[in-house]
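> Have a peek at run.txt (compact mmCIF, C-alpha atoms).
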```txt
# COMPACT_ATOMS: atom_id res chain seq x y z
CA MET K 754 -48.80 -43.20 15.64
CA ARG K 755 -46.10 -41.19 13.94
CA LEU K 756 -46.73 -37.70 12.64
CA GLU K 757 -44.71 -36.51 9.68
CA LYS K 758 -44.38 -32.91 8.68
CA ALA K 759 -45.57 -32.14 5.22
CA ALA K 760 -42.99 -30.64 2.92
CA PRO K 761 -43.54 -26.92 2.45
CA ALA K 762 -45.31 -26.07 -0.74
CA VAL K 763 -43.03 -24.72 -3.45
CA PRO K 764 -44.58 -21.61 -4.95
CA THR K 765 -45.06 -21.63 -8.68
CA LEU K 766 -44.81 -18.53 -10.82
CA THR K 767 -47.23 -17.58 -13.49
CA VAL K 768 -46.44 -15.41 -16.48
CA GLY K 769 -45.69 -11.84 -15.39
CA GLN K 770 -44.64 -12.73 -11.85
CA VAL K 771 -41.11 -12.14 -10.65
CA ALA K 772 -39.40 -14.35 -8.14
CA ARG K 773 -38.05 -12.43 -5.16
CA VAL K 774 -34.79 -13.84 -3.93
CA ALA K 775 -33.41 -12.82 -0.59
CA PRO K 776 -29.98 -11.19 -0.86
CA ALA K 777 -27.01 -13.29 0.10
CA PRO K 778 -25.95 -12.80 3.69
CA PRO K 779 -22.92 -10.58 4.23
CA VAL K 780 -19.57 -12.32 4.22
CA GLY K 781 -19.42 -11.59 7.95
CA PRO K 782 -16.38 -12.24 10.10
CA VAL K 783 -14.19 -12.81 7.05
CA LEU K 784 -14.39 -9.07 6.42
CA GLU K 785 -12.44 -8.16 9.52
CA ARG K 786 -10.27 -5.07 9.24
CA ALA K 787 -6.96 -6.92 9.63
CA GLY K 788 -7.88 -9.29 6.81
CA LEU K 789 -8.97 -6.41 4.62
CA ALA K 790 -5.68 -4.58 5.17
CA THR K 791 -3.83 -7.68 3.98
CA LEU K 792 -6.19 -7.96 0.99
CA LEU K 793 -5.66 -4.32 -0.01
CA HIS K 794 -1.87 -4.66 0.19
CA ALA K 795 -2.05 -7.84 -1.92
CA MET K 796 -4.11 -5.89 -4.48
CA ALA K 797 -1.49 -3.12 -4.45
CA ALA K 798 1.30 -5.64 -5.02
CA ASP K 799 -0.67 -7.23 -7.88
CA LEU K 800 -1.27 -3.84 -9.54
CA ASN K 801 2.42 -2.91 -9.18
CA GLY K 802 3.40 -6.23 -10.74
CA ARG K 803 1.10 -5.56 -13.69
CA GLY K 804 2.77 -2.20 -14.37
CA TYR K 805 0.23 0.04 -12.61
CA PRO K 806 2.17 1.89 -9.88
CA VAL K 807 0.14 2.25 -6.71
CA THR K 808 0.07 5.74 -5.28
CA TRP K 809 -2.20 5.28 -2.27
CA VAL K 810 -3.60 2.48 -0.10
CA VAL K 811 -6.25 3.21 2.51
CA ASP K 812 -6.21 0.04 4.58
CA ARG K 813 -8.20 1.27 7.57
CA GLN K 814 -10.99 3.73 8.17
CA MET K 815 -9.36 6.96 9.27
CA LEU K 816 -12.43 8.81 10.47
CA ALA K 817 -16.06 7.77 10.63
CA GLY K 818 -17.52 8.20 7.17
CA ASP K 819 -14.19 9.28 5.66
CA PHE K 820 -12.49 7.45 2.77
CA PRO K 821 -13.58 3.88 2.06
CA LEU K 822 -10.97 1.12 2.09
CA GLN K 823 -9.30 1.50 -1.30
CA VAL K 824 -6.29 1.19 -3.57
CA VAL K 825 -5.36 3.95 -6.05
CA ALA K 826 -2.97 3.25 -8.93
CA LYS K 827 -1.64 5.40 -11.74
CA VAL K 828 -2.80 4.29 -15.20
CA SER K 829 -1.39 7.19 -17.21
CA VAL K 830 0.27 10.54 -16.64
CA VAL K 831 -3.03 12.16 -15.66
CA ARG K 832 -5.39 9.27 -14.78
CA VAL K 833 -5.75 6.97 -11.82
CA LEU K 834 -7.63 3.77 -11.13
CA ASN K 835 -9.50 3.66 -7.82
CA ILE K 836 -10.71 0.32 -6.43
CA ALA K 837 -12.79 0.88 -3.28
CA LEU K 838 -14.67 -1.56 -1.08
CA ASP K 839 -18.34 -0.88 -0.59
CA ASP K 840 -18.85 -3.05 2.48
CA ARG K 841 -22.63 -2.74 2.31
CA GLY K 842 -22.49 -5.42 -0.40
CA PRO K 843 -19.69 -6.42 -0.17
CA VAL K 844 -18.88 -5.24 -3.65
CA TRP K 845 -16.04 -3.23 -5.17
CA GLN K 846 -16.52 0.22 -6.72
CA VAL K 847 -14.08 0.79 -9.59
CA SER K 848 -13.45 4.27 -11.00
CA MET K 849 -10.96 5.70 -13.46
CA GLY K 850 -10.21 9.30 -14.31
CA ARG K 851 -8.37 12.41 -13.25
CA PRO K 852 -7.95 12.59 -9.48
CA SER K 853 -8.64 16.33 -9.47
CA SER K 854 -11.90 15.95 -11.40
CA VAL K 855 -15.28 16.09 -9.73
CA ARG K 856 -16.55 13.20 -11.88
CA TRP K 857 -14.90 9.95 -12.82
CA GLU K 858 -14.58 9.23 -16.54
CA GLN K 859 -15.50 5.58 -16.08
CA SER K 860 -16.91 3.62 -13.18
CA ALA K 861 -18.24 0.15 -12.53
CA VAL K 862 -19.44 -2.06 -9.70
CA LEU K 863 -17.80 -5.45 -9.25
CA ASP K 864 -19.97 -8.06 -7.58
CA LEU K 865 -17.57 -11.00 -7.52
CA GLY K 866 -19.54 -13.31 -5.26
CA ALA K 867 -17.23 -15.74 -3.47
CA GLU K 868 -14.16 -14.17 -5.11
CA VAL K 869 -14.78 -10.79 -3.46
CA LEU K 870 -11.82 -11.45 -1.16
CA ASP K 871 -9.36 -12.71 -3.80
CA ALA K 872 -6.90 -9.89 -4.58
CA GLU K 873 -6.00 -11.16 -8.06
CA CYS K 874 -9.67 -11.63 -9.05
CA VAL K 875 -10.55 -8.13 -7.83
CA VAL K 876 -7.65 -6.55 -9.76
CA ARG K 877 -8.42 -8.49 -12.95
CA GLY K 878 -12.10 -7.60 -12.70
CA ALA K 879 -11.35 -3.94 -12.06
CA LEU K 880 -8.97 -3.64 -15.01
CA ARG K 881 -11.44 -5.35 -17.34
CA ALA K 882 -14.33 -3.23 -16.07
CA VAL K 883 -12.66 0.01 -17.21
CA GLY K 884 -11.07 -1.46 -20.35
CA LEU K 885 -7.44 -1.52 -19.22
CA PRO K 886 -5.01 -4.27 -20.26
CA LEU K 887 -4.26 -6.89 -17.63
CA GLN K 888 -0.54 -6.22 -18.08
CA ARG K 889 0.73 -2.74 -18.84
CA ALA K 890 3.87 -2.29 -20.93
CA VAL K 891 6.56 -0.73 -18.76
CA TYR K 892 9.22 1.39 -20.43
CA HIS K 893 12.41 2.32 -18.62
```
Let's see the structure in the file written out as structure tokens.

Amino acid sequence: MRLEKAAPAVPTLTVGQVARVAPAPPVGPVLERAGLATLLHAMAADLNGRGYPVTWVVDRQMLAGDFPLQVVAKVSVVRVLNIALDDRGPVWQVSMGRPSSVRWEQSAVLDLGAEVLDAECVVRGALRAVGLPLQRAVYH
């Protein structure tokens, strides 16, 4: 006699119910510090190539709880673009404004799914999120 397991019942939703979906597991070992440093420097190179001069790259955690991994680029004489990794997600926090200001003028959260570790996708998404052109005109 052979016993077969019954397939688990698939719950059905009625009107007014909301499906609860478990969050995706963290990217895990891919988010190693060495790989992130390379990613941040690739993002900096991409921004420089698009005409947004990078002023600061934080590619490692300096002190516990101090400065997230991030790239800061100049977008005008007085404004900067900050792209910081929020590794709780992993998602990218994008902010634009005056570096001396207490508040950012614009900010957004980029949840890029599988492309979270693609430097070009992160840069493109960040620029779009704050309404900047993908290529900045450079005058000499």
> Which is closest to Val828 (chain K) among K:Leu870, K:Gly878, K:Ser860, K:Gly850, if we use all atoms listed in the file?
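The closest residue to Val828 (chain K) is K:Gly850.
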> List the neighbours of Ser853 (chain K) out to 12 Å using all atoms listed in the file; skip same-chain residues closer than 4 positions along the sequence, and give me the result as a VMD selection string.
chain K and resid 831 to 833 849 857 to 858
> Work out how far CA of Val876 (chain K) is from CA of Gly804 (chain K), in Å to one decimal.
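Here the two named atoms are 12.2 Å from each other.
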> Taking into account all atoms listed in the file, which residue in the set K:Ala861, K:Met796, K:Leu789, K:Val810 is nearest to Cys874 (chain K)?
K:Met796
> Between K:Leu880, K:Val844, K:Leu863, K:Ala872, which one has atoms that come closest to Ala797 (chain K), using only C-alpha atoms?
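Looking at the shortest contact to Ala797 (chain K), the residue is K:Ala872.
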> Work out how far CA of Phe820 (chain K) is from CA of Arg889 (chain K), in Å to one decimal.
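Answer for the CA of Arg889 (chain K) to CA of Phe820 (chain K) separation: 27.3 Å.
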> Between CA of Tyr805 (chain K) and CA of Val825 (chain K), what distance in Å does the model show, to one decimal?
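That distance, rounded to one decimal, is 9.5 Å.
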> Give me the residues near Val869 (chain K) as a short mmCIF file (atom, residue, chain, number, x, y, z; two decimals) with C-alpha atoms, in the coordinates of the input, where near means some atom within 12 Å (using all atoms listed in the file) and where sequence neighbours in that chain fewer than 3 positions away do not count.

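New file selection-v9.cif:
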```cif
data_model
loop_
_atom_site.label_atom_id
_atom_site.label_comp_id
_atom_site.auth_asym_id
_atom_site.auth_seq_id
_atom_site.Cartn_x
_atom_site.Cartn_y
_atom_site.Cartn_z
CA PRO K 779 -22.92 -10.58 4.23
CA VAL K 780 -19.57 -12.32 4.22
CA VAL K 783 -14.19 -12.81 7.05
CA LEU K 784 -14.39 -9.07 6.42
CA LEU K 789 -8.97 -6.41 4.62
CA LEU K 792 -6.19 -7.96 0.99
CA LEU K 793 -5.66 -4.32 -0.01
CA MET K 796 -4.11 -5.89 -4.48
CA ALA K 837 -12.79 0.88 -3.28
CA LEU K 838 -14.67 -1.56 -1.08
CA ASP K 839 -18.34 -0.88 -0.59
CA ASP K 840 -18.85 -3.05 2.48
CA GLY K 842 -22.49 -5.42 -0.40
CA PRO K 843 -19.69 -6.42 -0.17
CA VAL K 844 -18.88 -5.24 -3.65
CA TRP K 845 -16.04 -3.23 -5.17
CA GLN K 846 -16.52 0.22 -6.72
CA VAL K 862 -19.44 -2.06 -9.70
CA LEU K 863 -17.80 -5.45 -9.25
CA ASP K 864 -19.97 -8.06 -7.58
CA LEU K 865 -17.57 -11.00 -7.52
CA GLY K 866 -19.54 -13.31 -5.26
CA ALA K 872 -6.90 -9.89 -4.58
CA GLU K 873 -6.00 -11.16 -8.06
CA CYS K 874 -9.67 -11.63 -9.05
CA VAL K 875 -10.55 -8.13 -7.83
CA VAL K 876 -7.65 -6.55 -9.76
CA ARG K 877 -8.42 -8.49 -12.95
CA GLY K 878 -12.10 -7.60 -12.70
CA ALA K 879 -11.35 -3.94 -12.06
#
```
> Pick out the closest residue to Ser829 (chain K) from this set: K:Gly788, K:Arg813, K:Val847, K:Leu885. Count all atoms listed in the file.
K:Leu885
